[in-house]
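Enquirer: See upload.cif below, with mmCIF, C-alpha atoms.
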data_work
#
loop_
_atom_site.label_atom_id
_atom_site.label_comp_id
_atom_site.auth_asym_id
_atom_site.auth_seq_id
_atom_site.Cartn_x
_atom_site.Cartn_y
_atom_site.Cartn_z
CA MET A 1 10.45 31.62 52.97
CA GLN A 2 13.08 31.28 50.24
CA ALA A 3 12.32 33.26 47.08
CA LYS A 4 11.51 31.12 44.07
CA ARG A 5 13.75 31.60 41.06
CA ILE A 6 12.25 29.74 38.12
CA LEU A 7 13.76 28.45 34.88
CA ILE A 8 11.70 26.92 32.06
CA ALA A 9 12.97 25.06 28.99
CA GLN A 10 11.44 23.14 26.07
CA GLY A 11 13.04 19.98 24.67
CA GLY A 12 12.55 17.51 21.85
CA GLY A 13 10.16 17.83 18.93
CA PRO A 14 7.85 20.87 18.86
CA THR A 15 4.07 20.49 19.03
CA ALA A 16 1.07 22.65 18.21
CA VAL A 17 0.37 23.34 21.91
CA ILE A 18 3.73 23.25 23.73
CA ASN A 19 3.64 27.02 24.23
CA GLN A 20 0.40 26.68 26.16
CA SER A 21 2.37 24.79 28.81
CA LEU A 22 5.11 27.42 28.81
CA VAL A 23 2.61 30.23 29.29
CA GLY A 24 0.74 28.19 31.87
CA VAL A 25 3.83 28.16 34.09
CA VAL A 26 4.66 31.84 33.52
CA LEU A 27 1.19 33.18 34.24
CA ALA A 28 0.66 30.87 37.22
CA ALA A 29 3.97 32.11 38.66
CA ARG A 30 2.69 35.69 38.55
CA GLY A 31 0.06 34.75 41.10
CA ILE A 32 2.61 33.56 43.67
CA ARG A 33 4.04 36.25 45.92
CA ASP A 34 7.51 34.81 46.55
CA VAL A 35 8.44 34.21 42.89
CA GLU A 36 11.44 36.45 42.30
CA LEU A 37 12.19 35.75 38.64
CA VAL A 38 11.09 33.58 35.71
CA TYR A 39 13.68 32.80 33.05
CA GLY A 40 13.35 30.83 29.83
CA ALA A 41 16.30 28.88 28.43
CA ARG A 42 16.67 29.16 24.68
CA ASN A 43 17.15 25.85 22.84
CA GLY A 44 16.49 23.59 25.80
CA VAL A 45 19.26 22.31 28.03
CA ARG A 46 21.86 23.55 25.56
CA GLY A 47 20.69 27.07 26.36
CA ILE A 48 21.28 26.41 30.04
CA VAL A 49 24.93 25.42 29.67
CA ASN A 50 25.38 28.42 27.33
CA GLU A 51 23.55 30.70 29.82
CA ASP A 52 21.26 31.79 27.00
CA PHE A 53 18.27 33.00 29.01
CA LEU A 54 15.25 35.22 28.41
CA ASP A 55 13.61 37.18 31.22
CA LEU A 56 10.01 36.05 30.80
CA ALA A 57 8.85 38.41 33.54
CA GLN A 58 9.26 41.20 30.98
CA GLU A 59 6.60 39.72 28.69
CA THR A 60 3.13 41.21 28.76
CA SER A 61 0.21 38.90 29.50
CA TYR A 62 -1.29 39.85 26.14
CA ASN A 63 1.79 38.78 24.19
CA LEU A 64 2.09 35.60 26.23
CA GLU A 65 -1.45 34.68 25.20
CA LEU A 66 -0.56 35.26 21.55
CA VAL A 67 2.49 33.03 21.92
CA ALA A 68 0.42 30.38 23.71
CA ASN A 69 -1.75 30.03 20.61
CA THR A 70 1.25 29.82 18.29
CA PRO A 71 2.54 26.31 17.39
CA SER A 72 6.14 25.12 17.81
CA SER A 73 8.58 25.86 20.64
CA ALA A 74 8.78 29.60 21.33
CA LEU A 75 11.98 29.13 23.34
CA GLY A 76 13.52 26.86 20.73
CA SER A 77 14.44 23.25 21.39
CA THR A 78 17.28 20.73 21.29
CA ARG A 79 17.87 17.04 20.69
CA ASP A 80 20.68 16.97 23.25
CA LYS A 81 20.33 14.02 25.63
CA PRO A 82 22.42 15.00 28.68
CA ASP A 83 24.61 12.44 30.41
CA LEU A 84 25.96 12.84 33.95
CA LYS A 85 28.75 15.24 32.92
CA TYR A 86 26.32 17.40 30.93
CA CYS A 87 23.94 17.49 33.91
CA GLN A 88 26.77 18.53 36.22
CA GLU A 89 27.42 21.50 33.92
CA ILE A 90 23.73 22.38 34.07
CA ILE A 91 23.82 22.28 37.87
CA GLN A 92 26.77 24.70 37.94
CA VAL A 93 24.84 27.22 35.84
CA LEU A 94 21.70 26.83 37.94
CA GLN A 95 23.74 27.39 41.09
CA ALA A 96 25.40 30.48 39.62
CA HIS A 97 21.98 32.01 38.86
CA GLN A 98 20.50 30.67 42.12
CA ILE A 99 17.74 28.87 40.19
CA ASN A 100 15.79 26.64 42.57
CA HIS A 101 12.83 25.58 40.38
CA PHE A 102 13.40 24.02 36.95
CA PHE A 103 10.47 23.13 34.70
CA TYR A 104 11.34 21.10 31.61
CA ILE A 105 8.65 20.59 28.96
CA GLY A 106 9.38 17.46 26.96
CA GLY A 107 9.16 13.70 26.51
CA ASN A 108 10.73 10.73 28.29
CA ASP A 109 14.31 11.87 27.55
CA SER A 110 13.52 15.22 29.17
CA SER A 111 12.13 13.50 32.25
CA ASP A 112 15.30 11.39 32.43
CA THR A 113 17.39 14.57 32.35
CA LEU A 114 15.43 15.86 35.32
CA ARG A 115 15.91 12.56 37.13
CA ILE A 116 19.68 12.84 36.81
CA LEU A 117 19.63 16.53 37.77
CA SER A 118 17.52 15.89 40.86
CA LEU A 119 19.90 13.16 42.07
CA GLU A 120 22.97 15.32 41.50
CA ALA A 121 21.36 18.30 43.25
CA GLU A 122 20.57 16.09 46.23
CA LYS A 123 24.21 14.94 46.45
CA LEU A 124 25.32 18.57 46.50
CA ALA A 125 22.62 19.60 49.00
CA PHE A 126 21.47 22.08 46.34
CA PRO A 127 17.77 22.86 46.90
CA LEU A 128 16.53 22.33 43.33
CA ARG A 129 12.93 21.47 42.53
CA CYS A 130 12.68 19.56 39.21
CA ILE A 131 9.28 19.30 37.53
CA HIS A 132 8.71 17.55 34.19
CA ILE A 133 5.83 18.84 32.04
CA PRO A 134 4.70 16.18 29.52
CA LYS A 135 4.83 16.78 25.79
CA THR A 136 5.00 14.46 22.80
CA ILE A 137 2.98 13.82 19.67
CA ASP A 138 3.95 10.13 19.92
CA ASN A 139 1.77 9.71 23.04
CA ASP A 140 4.37 7.35 24.46
CA LEU A 141 4.80 8.57 28.05
CA VAL A 142 4.17 5.92 30.69
CA GLY A 143 1.67 6.86 33.41
CA ASN A 144 -0.40 9.19 31.19
CA ASP A 145 -3.75 8.59 29.56
CA HIS A 146 -2.44 10.81 26.77
CA THR A 147 0.10 13.59 26.37
CA PRO A 148 -0.24 17.22 25.23
CA GLY A 149 0.62 17.56 21.56
CA PHE A 150 -0.76 14.16 20.59
CA PRO A 151 -4.44 15.19 20.21
CA SER A 152 -3.61 18.01 17.77
CA ALA A 153 -1.24 15.81 15.76
CA ALA A 154 -3.88 13.06 15.74
CA ARG A 155 -6.44 15.58 14.51
CA PHE A 156 -4.09 16.45 11.64
CA VAL A 157 -3.53 12.78 10.75
CA ALA A 158 -7.27 12.01 10.79
CA GLN A 159 -8.04 14.98 8.54
CA ALA A 160 -5.13 14.28 6.21
CA PHE A 161 -6.28 10.70 5.65
CA ALA A 162 -9.87 11.85 5.18
CA GLY A 163 -8.62 14.05 2.34
CA ALA A 164 -6.37 11.35 0.91
CA ASN A 165 -9.29 8.92 0.95
CA LEU A 166 -11.52 11.36 -0.97
CA ASP A 167 -8.77 11.91 -3.53
CA ASN A 168 -8.19 8.17 -3.86
CA ALA A 169 -11.92 7.52 -4.35
CA ALA A 170 -12.05 10.04 -7.20
CA LEU A 171 -8.94 8.68 -8.93
CA PRO A 172 -8.60 5.08 -7.68
CA GLY A 173 -5.26 3.47 -7.04
CA VAL A 174 -3.08 2.66 -4.03
CA TYR A 175 -2.06 5.37 -1.58
CA VAL A 176 0.53 4.93 1.19
CA GLY A 177 0.80 7.53 3.96
CA VAL A 178 3.73 7.21 6.39
CA VAL A 179 3.13 8.69 9.84
CA MET A 180 5.53 9.45 12.72
CA GLY A 181 5.97 6.89 15.50
CA ARG A 182 9.16 4.92 16.11
CA HIS A 183 7.88 2.57 18.83
CA ALA A 184 4.28 3.65 19.51
CA GLY A 185 1.58 3.56 16.85
CA PHE A 186 -0.95 5.94 18.42
CA LEU A 187 -0.50 8.63 15.78
CA THR A 188 -0.75 6.23 12.85
CA ALA A 189 -3.79 4.64 14.47
CA ALA A 190 -5.46 8.07 14.51
CA SER A 191 -5.91 7.69 10.75
CA ALA A 192 -8.83 5.35 11.52
CA LEU A 193 -10.87 8.36 12.65
CA ALA A 194 -10.86 9.54 9.01
CA ARG A 195 -13.51 6.98 8.08
CA LYS A 196 -17.19 7.81 7.72
CA PHE A 197 -18.55 5.26 5.25
CA SER A 198 -17.88 1.52 5.35
CA ASP A 199 -15.60 1.56 2.31
CA ASP A 200 -13.57 4.59 3.38
CA GLY A 201 -9.83 4.40 3.92
CA PRO A 202 -7.49 3.84 5.44
CA HIS A 203 -8.27 0.24 4.59
CA LEU A 204 -5.06 -1.03 6.17
CA ILE A 205 -3.13 0.31 9.18
CA TYR A 206 0.36 -0.93 10.09
CA LEU A 207 1.71 -0.21 13.58
CA PRO A 208 5.11 -0.81 15.22
CA GLU A 209 3.34 -2.83 17.93
CA ARG A 210 3.01 -5.66 15.39
CA SER A 211 5.78 -7.24 13.30
CA PHE A 212 5.67 -6.31 9.63
CA VAL A 213 5.92 -9.07 7.03
CA LEU A 214 6.33 -7.74 3.50
CA GLU A 215 4.67 -10.75 1.84
CA LYS A 216 1.64 -10.46 4.13
CA PHE A 217 1.49 -6.71 3.45
CA LEU A 218 1.41 -7.29 -0.29
CA ALA A 219 -1.30 -9.94 0.10
CA ASP A 220 -3.38 -7.53 2.21
CA VAL A 221 -3.06 -4.77 -0.37
CA LYS A 222 -3.96 -7.14 -3.20
CA GLU A 223 -7.11 -8.34 -1.40
CA VAL A 224 -8.37 -4.81 -0.71
CA TYR A 225 -7.53 -3.60 -4.22
CA GLN A 226 -9.35 -6.51 -5.86
CA ARG A 227 -12.38 -5.98 -3.62
CA LEU A 228 -12.68 -2.18 -3.79
CA GLY A 229 -10.62 -1.22 -6.83
CA ARG A 230 -8.45 0.97 -4.62
CA CYS A 231 -6.54 0.90 -1.31
CA VAL A 232 -5.51 3.57 1.21
CA ILE A 233 -2.79 2.52 3.66
CA ALA A 234 -1.51 4.13 6.87
CA VAL A 235 1.97 3.04 7.90
CA SER A 236 3.99 3.94 10.97
CA GLU A 237 7.56 5.00 10.23
CA GLY A 238 8.69 2.55 12.92
CA ILE A 239 7.37 -0.68 11.39
CA HIS A 240 9.87 -3.50 11.82
CA ASP A 241 10.33 -7.21 11.21
CA ALA A 242 10.12 -9.95 13.85
CA SER A 243 13.72 -9.27 14.92
CA GLY A 244 13.00 -5.59 15.51
CA THR A 245 14.92 -4.35 12.48
CA PRO A 246 13.23 -1.29 10.91
CA ILE A 247 11.73 -2.07 7.51
CA ALA A 248 13.17 1.20 6.23
CA SER A 249 16.68 -0.17 6.77
CA LEU A 250 15.87 -3.54 5.18
CA LEU A 251 14.59 -2.06 1.94
CA THR A 252 17.38 0.43 1.32
CA GLU A 253 21.14 0.20 0.92
CA THR A 254 22.04 3.43 2.75
CA VAL A 255 20.81 4.14 6.27
CA GLU A 256 20.97 7.52 8.01
CA ARG A 257 21.23 7.69 11.80
CA ASP A 258 20.23 10.47 14.18
CA ALA A 259 22.27 12.01 17.02
CA HIS A 260 21.38 9.11 19.33
CA GLY A 261 22.43 6.41 16.85
CA ASN A 262 18.88 5.45 15.90
CA VAL A 263 17.97 4.77 12.27
CA GLN A 264 16.68 8.06 10.85
CA LEU A 265 12.99 7.47 10.19
CA SER A 266 11.59 11.00 9.94
CA GLY A 267 12.33 13.77 7.50
CA ASN A 268 12.65 11.65 4.36
CA GLY A 269 10.30 9.75 2.11
CA ALA A 270 12.32 6.56 1.84
CA LEU A 271 9.84 4.16 3.44
CA ALA A 272 6.84 5.42 1.44
CA ASP A 273 8.83 5.25 -1.80
CA LEU A 274 10.15 1.76 -1.05
CA LEU A 275 6.72 0.34 -0.19
CA CYS A 276 5.22 1.92 -3.30
CA GLU A 277 7.92 0.34 -5.47
CA GLU A 278 7.22 -3.07 -3.92
CA ILE A 279 3.51 -2.71 -4.67
CA LYS A 280 4.15 -1.66 -8.25
CA ALA A 281 6.66 -4.41 -8.91
CA LYS A 282 4.96 -7.31 -7.12
CA LEU A 283 1.28 -6.53 -7.68
CA ASN A 284 1.54 -4.87 -11.09
CA ILE A 285 -0.59 -1.92 -10.00
CA LYS A 286 0.31 1.19 -11.97
CA ARG A 287 -1.27 4.03 -9.98
CA VAL A 288 0.56 3.90 -6.65
CA ARG A 289 1.37 7.04 -4.71
CA GLY A 290 3.03 7.67 -1.35
CA ASP A 291 3.44 10.55 1.09
CA THR A 292 5.52 11.02 4.21
CA PHE A 293 3.75 13.35 6.61
CA GLY A 294 7.04 14.13 8.34
CA TYR A 295 7.23 17.33 10.35
CA LEU A 296 3.83 18.56 9.11
CA GLN A 297 2.18 16.60 11.91
CA ARG A 298 3.92 18.40 14.74
CA SER A 299 3.10 22.09 14.45
CA PHE A 300 0.36 22.41 11.82
CA ALA A 301 -1.41 25.66 12.68
CA GLY A 302 -4.75 24.76 11.11
CA CYS A 303 -5.43 21.52 13.01
CA VAL A 304 -5.19 22.36 16.70
CA SER A 305 -7.51 20.53 19.09
CA ASP A 306 -9.23 22.84 21.60
CA VAL A 307 -9.06 19.98 24.12
CA ASP A 308 -5.30 19.77 23.58
CA GLN A 309 -4.89 23.52 24.01
CA ARG A 310 -6.78 23.53 27.29
CA GLU A 311 -4.97 20.55 28.76
CA ALA A 312 -1.53 21.77 27.67
CA ARG A 313 -2.20 25.04 29.49
CA GLU A 314 -3.42 23.20 32.56
CA VAL A 315 -0.38 20.88 32.83
CA GLY A 316 1.79 24.01 32.94
CA GLU A 317 -0.37 25.56 35.65
CA LYS A 318 -0.49 22.31 37.62
CA ALA A 319 3.29 21.94 37.36
CA LEU A 320 3.74 25.27 39.14
CA GLN A 321 1.09 24.39 41.73
CA PHE A 322 2.64 20.98 42.41
CA ALA A 323 6.11 22.52 42.78
CA VAL A 324 4.79 24.92 45.42
CA GLN A 325 2.27 22.72 47.24
CA LYS A 326 3.83 19.25 47.16
CA ALA A 327 7.43 20.43 47.52
CA ARG A 328 8.90 17.46 45.69
CA ASN A 329 10.27 16.57 42.28
CA GLY A 330 8.08 14.79 39.75
CA THR A 331 6.31 14.62 36.42
CA VAL A 332 2.79 15.88 35.78
CA ALA A 333 0.51 13.12 34.45
CA ILE A 334 -2.90 13.33 32.77
CA LYS A 335 -5.45 10.82 34.09
CA ARG A 336 -8.82 10.22 32.41
CA ASN A 337 -11.94 10.31 34.52
CA GLY A 338 -15.44 9.12 33.46
CA ASP A 339 -16.73 9.53 29.90
CA TYR A 340 -14.32 12.35 29.38
CA ALA A 341 -12.75 14.51 32.02
CA VAL A 342 -9.19 14.64 33.28
CA ASN A 343 -7.34 14.91 36.57
CA TYR A 344 -3.67 15.74 37.04
CA GLU A 345 -1.25 13.88 39.29
CA LEU A 346 2.40 14.33 40.18
CA LEU A 347 4.28 11.07 39.64
CA ALA A 348 7.85 10.25 40.57
CA LEU A 349 10.29 11.04 37.76
CA ASP A 350 11.50 7.44 37.49
CA VAL A 351 7.95 6.33 36.57
CA VAL A 352 8.36 8.04 33.18
CA ALA A 353 12.09 8.61 32.73
CA GLY A 354 13.64 6.53 29.95
CA LYS A 355 10.50 4.41 29.47
CA THR A 356 8.28 4.10 26.41
CA ARG A 357 4.57 3.40 26.32
CA VAL A 358 3.17 1.54 23.32
CA MET A 359 -0.42 0.93 22.23
CA GLU A 360 -2.20 -1.49 24.53
CA ASP A 361 -3.40 -4.73 22.89
CA GLU A 362 -7.07 -3.89 23.46
CA LEU A 363 -6.69 -0.85 21.19
CA ILE A 364 -5.51 -2.93 18.22
CA ALA A 365 -7.79 -5.13 16.10
CA ALA A 366 -7.16 -8.88 16.04
CA SER A 367 -6.15 -8.62 12.37
CA GLY A 368 -3.18 -6.45 13.32
CA THR A 369 -4.00 -4.11 10.42
CA ASP A 370 -6.66 -1.97 12.09
CA VAL A 371 -7.69 -0.50 15.43
CA SER A 372 -10.42 -1.73 17.76
CA PRO A 373 -13.65 0.09 18.73
CA ALA A 374 -11.95 0.83 22.06
CA PHE A 375 -9.41 2.99 20.25
CA HIS A 376 -12.17 5.03 18.63
CA GLN A 377 -13.69 5.62 22.07
CA TYR A 378 -10.27 6.54 23.45
CA LEU A 379 -9.32 9.05 20.73
CA ARG A 380 -12.60 10.68 19.69
CA PRO A 381 -12.92 13.11 22.65
CA LEU A 382 -9.29 14.22 22.28
CA LEU A 383 -9.72 15.51 18.73
CA GLY A 384 -11.82 18.44 19.91
CA ALA A 385 -14.69 20.34 18.37
CA GLY A 386 -15.30 21.25 14.75
CA MET A 387 -13.89 18.21 12.98
CA PRO A 388 -14.79 18.58 9.27
CA ASP A 389 -17.17 16.09 7.73
CA GLY A 390 -17.56 14.66 4.22
CA PHE A 391 -20.63 13.67 2.24
CA ARG A 392 -21.50 11.76 -0.91
CA LEU A 393 -23.96 12.30 -3.73
CA ARG A 394 -27.13 10.24 -3.24
CA ALA A 395 -28.81 10.75 -6.63
CA GLU A 396 -29.86 7.63 -8.54
CA ALA A 397 -28.03 6.63 -11.70
CA VAL A 398 -29.66 7.49 -15.03
CA ALA A 399 -30.56 4.53 -17.22
CA LYS A 400 -28.21 3.91 -20.13
CA ILE A 401 -29.50 4.09 -23.71
CA ARG A 402 -26.62 3.25 -26.03
CA ASN A 403 -24.70 1.01 -23.60
CA LYS A 404 -27.48 -1.17 -22.26
CA ALA A 405 -26.39 -4.49 -20.83
CA GLY A 406 -26.97 -7.28 -23.36
#
Take the structure from the file and write it as structure tokens.

Expert:
Amino acid sequence: MQAKRILIAQGGGPTAVINQSLVGVVLAARGIRDVELVYGARNGVRGIVNEDFLDLAQETSYNLELVANTPSSALGSTRDKPDLKYCQEIIQVLQAHQINHFFYIGGNDSSDTLRILSLEAEKLAFPLRCIHIPKTIDNDLVGNDHTPGFPSAARFVAQAFAGANLDNAALPGVYVGVVMGRHAGFLTAASALARKFSDDGPHLIYLPERSFVLEKFLADVKEVYQRLGRCVIAVSEGIHDASGTPIASLLTETVERDAHGNVQLSGNGALADLLCEEIKAKLNIKRVRGDTFGYLQRSFAGCVSDVDQREAREVGEKALQFAVQKARNGTVAIKRNGDYAVNYELLALDVVAGKTRVMEDELIAASGTDVSPAFHQYLRPLLGAGMPDGFRLRAEAVAKIRNKAG
């Protein structure tokens, strides 16, 4: 039997549990007799072409467990999106080091990289096993009930909006919180789990699955503010008009673009500021505040879901098992079973590669500015144990003496 020479890399945005998947592969490999080496590529696929490898076999199990519980990408990451030429360079390095099992932890771009690599390896008769391990806080991988990283980020969003709502109730006004999500609104929708009482915020939720109309937005805010004297709003960074143009680019004169040519939505507070200015100017509301959660959502150490930790570890372990037992390329997928349990399947790479899942219609309320009860049922078990709770004073008001009603 040919010895297994394993390489692992992490790509795309970090998460709070991505290292669980890394450690899952490494520790599972130690239980397989014919594994000869386990390398880690620093900074994703860029580290492969640069031959920047770490010998993960030299790590102690104790330190690996410490790393597993540490947020962000321990190997470092990259936003490189390899084309055919880039993948051919990767293949040359893998051949030079006689790597025959490549595990890439990442989103749909990472799975597409593996798809190209697997096809090129086949053309060259190079025996390379390519396994994609899912990861993304956006929860936008096709074929998965949910993806590792999303539950912890959703837990952060729910808790952040719970705190913003309490603050807004104490000092009423309008609050706008902008959450990550270019095409899929799952993370913004998680803000709905912040509510406990009927008048709790967020009172309005805007998702990229629905077209955003500024005039309708302002009317919604005005109605809530007049009814409650305050308004908490959750907005996805990817909201767009009916033509698909991002609102962030419509409301500003200068537009930044990322390495892939997309309008830069994360890492700045432009959308929150612009929406707040519209509210102030058009509705004449003075106390209007906005926040952009930005990168805080991805690797926040204090808001990790225990469910997310467990499943992220298991997808790493299952990736190694699938590579050995099924002897084919693929992507590990999480499937929900019953009230809440999960199974893992190995899907073909082209099921996920280059595709984007968005929120299903049944998870969004008919109003388009809220989620449905089905979304609550979907998300609640993913948030894990120990979610903080809030309470209100229940004492009766004391009768007035000097300011009695006439």

Enquirer: For Ile239 of chain A, which residue among A:Lys318, A:Arg210, A:His101, A:Arg115 is the nearest when counting all atoms listed in the file?

Expert: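 Result for the nearest residue to Ile239 of chain A: A:Arg210.
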
Enquirer: Assuming the chain letters and numbering stay as they are in my file, what does the PyMOL selection byres ((chain A and resi 2-8) around 6) actually select? List them as a ChimeraX atom specification.

Expert: /A:1,9,34-40,99-104

Enquirer: Quick check, in Å to one decimal: how far apart do atom CA of Ser372 of chain A and atom CA of Leu166 of chain A lie?

Expert: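 Atom CA of Leu166 of chain A lies 22.9 Å from atom CA of Ser372 of chain A.
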
Enquirer: Could you check the closest approach to Gly229 of chain A for each of A:Pro172, A:Pro148, A:Pro134, A:Pro381 and tell me which residue wins, using all atoms listed in the file?

Expert: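 Under the stated criterion, the closest residue is A:Pro172.
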
Enquirer: Starting from the PyMOL selection byres ((chain A and resi 19) around 10), expand the selection into actual residues of this file and give them as a PyMOL selection string.

Expert: chain A and resi 10+14-18+20-25+64-75+105+309+312-313+316

Enquirer: Residue by residue, what does the PyMOL selection byres ((chain A and resi 150) around 12) grab here? Present the result as a PyMOL selection string.

Expert: chain A and resi 13-18+107+134-141+144-149+151-158+180-181+184-190+297-299+303-305+307-309+311-312+379+382-384

Enquirer: Which of these, A:Ala234, A:Ala170, A:Lys222, A:Ile364, has the shortest distance to His203 of chain A once you count only C-alpha atoms?

Expert: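 Answer, going by the shortest atom-to-atom distance: A:Ala234.
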
Enquirer: Between atom CA of Ser77 of chain A and atom CA of Phe53 of chain A, measure the distance and give it in Å to one decimal.

Expert: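 These atoms are spaced 13.0 Å apart.
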
Enquirer: Which residue, A:His240, A:Leu204, A:Ala366, A:Ser211, has the smallest gap to Val224 of chain A when you use only C-alpha atoms?

Expert: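 The shortest atom-to-atom distance to Val224 of chain A comes from A:Leu204.
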
Enquirer: Could you check which of A:Gly330, A:Gly163, A:Gly31, A:Gly238 is closest to Leu207 of chain A, using only C-alpha atoms?

Expert: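 Nearest candidate to Leu207 of chain A out of A:Gly330, A:Gly163, A:Gly31, A:Gly238: A:Gly238.
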
Enquirer: From the set A:Glu345, A:Glu223, A:Glu120, A:Glu59, which residue has the shortest atom-to-atom contact distance to Asp83 of chain A, counting all atoms listed in the file?

Expert: A:Glu120

Enquirer: So that I can check the surroundings of Arg287 of chain A, please list as number ranges by chain every protein, DNA and RNA residue that reaches within 12 Å of it, counting all atoms listed in the file and ignoring chain neighbours fewer than 6 positions away.

Expert: A: 168, 171-176, 225, 229-232, 276-277, 279-281

Enquirer: Please compute the atom CA of Met387 of chain A-atom CA of Ala301 of chain A distance, one decimal, in Å.

Expert: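 Pair atom CA of Met387 of chain A / atom CA of Ala301 of chain A returns 14.5 Å.
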
Enquirer: Draw an axis-aligned box tight on the listed atoms of segment 343-347 of chain A, then pad every side by 4 Å and write out centre and edge lengths in Å to one decimal as AutoDock Vina command-line options.

Expert:
--center_x -1.5 --center_y 13.4 --center_z 38.4 --size_x 19.6 --size_y 12.7 --size_z 11.6

Enquirer: Every residue with an atom at most 7 Å from (16.2, 18.7, 24.2) (file coordinates; only C-alpha atoms) is what I'm after, so could you write them as a ChimeraX atom specification?

Expert: /A:10-12,44-45,77-81,110

Enquirer: Within 12 Å of Phe126 of chain A, counting only C-alpha atoms, which residues show up once you throw out same-chain ones fewer than 6 positions away? Write them as JSON, numbers by chain, please.

Expert: {"A": [88, 91, 92, 94, 95, 96, 98, 99, 100, 101, 117, 118, 119, 120]}

Enquirer: What would segment 388-401 of chain A look like with N, CA, C and O atoms restored, written as a compact mmCIF listing (two decimals), in the coordinates of the input?

Expert:
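Final file, selection.txt:
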# COMPACT_ATOMS: atom_id res chain seq x y z
N PRO A 388 -14.05 18.50 10.54
CA PRO A 388 -14.79 18.58 9.27
C PRO A 388 -15.41 17.24 8.90
O PRO A 388 -14.95 16.19 9.34
N ASP A 389 -16.45 17.29 8.12
CA ASP A 389 -17.17 16.09 7.73
C ASP A 389 -17.27 16.03 6.21
O ASP A 389 -17.20 17.06 5.53
N GLY A 390 -17.44 14.83 5.67
CA GLY A 390 -17.56 14.66 4.22
C GLY A 390 -18.87 13.97 3.87
O GLY A 390 -19.43 13.23 4.67
N PHE A 391 -19.35 14.23 2.67
CA PHE A 391 -20.63 13.67 2.24
C PHE A 391 -20.52 13.13 0.82
O PHE A 391 -19.57 13.46 0.09
N ARG A 392 -21.49 12.34 0.43
CA ARG A 392 -21.50 11.76 -0.91
C ARG A 392 -22.81 12.11 -1.61
O ARG A 392 -23.83 12.33 -0.97
N LEU A 393 -22.74 12.12 -2.95
CA LEU A 393 -23.96 12.30 -3.73
C LEU A 393 -24.87 11.08 -3.55
O LEU A 393 -24.40 9.95 -3.47
N ARG A 394 -26.18 11.33 -3.46
CA ARG A 394 -27.13 10.24 -3.24
C ARG A 394 -28.10 10.06 -4.40
O ARG A 394 -29.03 9.27 -4.34
N ALA A 395 -27.89 10.83 -5.49
CA ALA A 395 -28.81 10.75 -6.63
C ALA A 395 -28.72 9.38 -7.31
O ALA A 395 -27.67 8.74 -7.32
N GLU A 396 -29.84 8.92 -7.85
CA GLU A 396 -29.86 7.63 -8.54
C GLU A 396 -29.24 7.75 -9.92
O GLU A 396 -29.29 8.80 -10.57
N ALA A 397 -28.65 6.67 -10.37
CA ALA A 397 -28.03 6.63 -11.70
C ALA A 397 -29.09 6.70 -12.79
O ALA A 397 -30.19 6.15 -12.67
N VAL A 398 -28.76 7.37 -13.88
CA VAL A 398 -29.66 7.49 -15.03
C VAL A 398 -29.50 6.24 -15.91
O VAL A 398 -28.38 5.76 -16.13
N ALA A 399 -30.60 5.73 -16.39
CA ALA A 399 -30.56 4.53 -17.22
C ALA A 399 -29.80 4.78 -18.52
O ALA A 399 -29.92 5.85 -19.13
N LYS A 400 -29.00 3.78 -18.90
CA LYS A 400 -28.21 3.91 -20.13
C LYS A 400 -29.10 3.66 -21.35
O LYS A 400 -30.08 2.90 -21.30
N ILE A 401 -28.77 4.29 -22.46
CA ILE A 401 -29.50 4.09 -23.71
C ILE A 401 -28.65 3.34 -24.74
O ILE A 401 -29.02 2.28 -25.23
